[in-house]
Amino acid sequence: MQRFAGVTFGVATQILFLFTVWHLFWFLKEDYLYHETGYLWINVLLALQFAVGHSLLLYPRIRSSITRWLPSAFYGCLFCLQTCLGILITTWLWRSSPVEIWKLEGTGYWIVSGGFYASWLTLLYSLNLTGLGYQTGLTQWWFWLRRKPLPKRAFQPRSLYCCMRHPVYLSFMGLLWLTPVMTFDRALLTGIWTGYIFLGSYLKDERLSFYIGNPYREYLTKVPGYPFVFLGPLGKRKTRQPSATTPE
């Protein structure tokens, strides 16, 4: 029964992931315009619930606590489940606003729409560079299903990751900003999630420095977090000595 539950959980998570991507695509494209109008503070809560839940499951202490009762092979699926549910709750309960900040037509519409589609392609490409299966929990679950140990992942930046540390986050920002119609409710979502992306970029650097150690710290000194960012934690970091609690 335990193995049946594990197989069911893994398959259901991947189906839910595809279902969520489909809904997210249409929601960010234009579907947010056609939701019921209402109190916009609901949108703020919806945007925050995704960001907070997403971050908590990435926190090393929380992960350690959960994997005491959940096999580590399923943690990626659990993370994917939380991500999907957070996005679906946001897209289904969203409230529209009739206030338009900008509305592009003609050439501007097609240029911005083209950038939106290009951001999706770049997002999928960036995820593939680091292993899309690891992001959805599919890879970890697949090795569990085959009763084989999960191979150790080597840290080898390539392609876009040689130019910036966070191409996935940059691509997702493109999905938020590149819209031909920016309403007030969409601006709320864009602002909150953009702030979360920058905070998440910093936290991801710290998390990978903890897990990977010196190779990632060296990477921080050579590659900026984003193009044209020269200062601060998302620029190139200065060389620093590892702390005593950070694994080598």
# chains A, B, ... in the order shown; residues from 1 in each chain; ligands from 1

$ residues_around --residues "Phe25 in chain A" --least-positions-apart "2" --cutoff "12 Å" --atoms "only C-alpha atoms" --output "list in words"
Leu18, Phe19, Thr20, Val21, Trp22, His23, Phe27, Leu28, Lys29, Glu30, Asp31, Tyr32, Ile87, Leu88, Thr91, Phe116, Tyr117, Ser119, Trp120, Leu121, Phe172, Leu175, Leu176 and Thr179 of chain A

$ residues_around --residues "Lys148 in chain A" --least-positions-apart "6" --cutoff "12 Å" --atoms "only C-alpha atoms" --output "ChimeraX atom specification"
/A:73,139-142

$ closest_atom_pairs --of "range 80-186 of chain A" --to "range 193-204 of chain A" --cutoff "7 Å" --atoms "only C-alpha atoms" --output "tab-separated table"
residue	atom	partner	partner_atom	distance
A:His166	CA	A:Ser201	CA	6.9
A:Tyr169	CA	A:Ile197	CA	6.3
A:Met173	CA	A:Thr194	CA	6.5

$ closest_residue --among "A:Leu124, A:Gly76, A:Arg68, A:Pro167" --to "Gly225 in chain A" --atoms "only C-alpha atoms"
A:Pro167

$ atom_distance --atom1 "CA of Leu93 in chain A" --atom2 "CA of Leu78 in chain A"
22.4 Å

$ atom_distance --atom1 "CA of Thr13 in chain A" --atom2 "CA of Val168 in chain A"
21.0 Å

$ residues_around --residues "range 47-51 of chain A" --least-positions-apart "4" --cutoff "8 Å" --atoms "only C-alpha atoms" --output "list of chain:residue names"
A:Asn43, A:Ser55, A:Thr83, A:Gly86, A:Ile87, A:Thr90, A:Leu189, A:Ile192, A:Trp193, A:Tyr196

$ select_by_dssp --residues "range 5-74 of chain A" --states "alpha helix (DSSP H)" --output "ChimeraX atom specification"
/A:5-29,41-58,60-66

$ atom_distance --atom1 "CA of Trp144 in chain A" --atom2 "CA of Leu16 in chain A"
19.6 Å

$ select_by_dssp --residues "range 28-109 of chain A" --states "strand (DSSP E or B)" --output "number ranges by chain"
A: 37, 96, 100-103

$ write_last_selection --atoms "N, CA and C atoms" --output "compact mmCIF listing (two decimals), in the first residue's frame"
# COMPACT_ATOMS: atom_id res chain seq x y z
N THR A 37 -14.99 41.39 -10.48
CA THR A 37 -14.38 42.49 -9.76
C THR A 37 -14.69 42.35 -8.26
N SER A 96 -10.62 41.15 -10.55
CA SER A 96 -10.18 42.09 -11.58
C SER A 96 -10.46 43.53 -11.18
N GLU A 100 -7.10 50.81 -15.86
CA GLU A 100 -6.00 50.43 -16.75
C GLU A 100 -4.83 51.40 -16.59
N ILE A 101 -3.65 50.85 -16.37
CA ILE A 101 -2.43 51.66 -16.27
C ILE A 101 -1.84 51.87 -17.65
N TRP A 102 -1.85 50.83 -18.46
CA TRP A 102 -1.52 50.99 -19.88
C TRP A 102 -2.28 49.95 -20.69
N LYS A 103 -2.51 50.30 -21.94
CA LYS A 103 -3.16 49.39 -22.88
C LYS A 103 -2.53 49.62 -24.24

$ residues_around --residues "range 234-238 of chain A" --least-positions-apart "3" --cutoff "8 Å" --atoms "only C-alpha atoms" --output "compact mmCIF listing (two decimals) with N, CA and C atoms, in the first residue's frame"
# COMPACT_ATOMS: atom_id res chain seq x y z
N SER A 201 15.81 35.47 -5.04
CA SER A 201 17.12 35.31 -5.69
C SER A 201 18.24 35.35 -4.65
N TYR A 202 18.12 36.30 -3.73
CA TYR A 202 19.12 36.40 -2.66
C TYR A 202 19.11 35.15 -1.78
N LEU A 220 29.59 32.96 -7.28
CA LEU A 220 29.02 34.25 -6.90
C LEU A 220 29.96 35.41 -7.22
N THR A 221 31.25 35.16 -7.17
CA THR A 221 32.22 36.23 -7.42
C THR A 221 32.46 36.48 -8.90
N LYS A 222 32.00 35.57 -9.76
CA LYS A 222 32.29 35.67 -11.19
C LYS A 222 31.08 36.05 -12.04
N VAL A 223 29.89 35.70 -11.59
CA VAL A 223 28.67 35.88 -12.40
C VAL A 223 27.66 36.69 -11.61
N PRO A 224 27.09 37.75 -12.19
CA PRO A 224 26.07 38.53 -11.46
C PRO A 224 24.74 37.79 -11.41
N GLY A 225 23.90 38.22 -10.49
CA GLY A 225 22.58 37.61 -10.40
C GLY A 225 21.74 37.90 -11.63
N TYR A 226 21.84 39.15 -12.11
CA TYR A 226 21.08 39.58 -13.28
C TYR A 226 21.98 40.49 -14.15
N VAL A 229 23.40 44.31 -13.26
CA VAL A 229 23.37 44.54 -11.82
C VAL A 229 24.82 44.44 -11.32
N PHE A 230 25.35 45.54 -10.87
CA PHE A 230 26.77 45.59 -10.54
C PHE A 230 27.03 45.68 -9.04
N LEU A 231 26.02 46.07 -8.27
CA LEU A 231 26.22 46.27 -6.84
C LEU A 231 25.23 45.44 -6.04
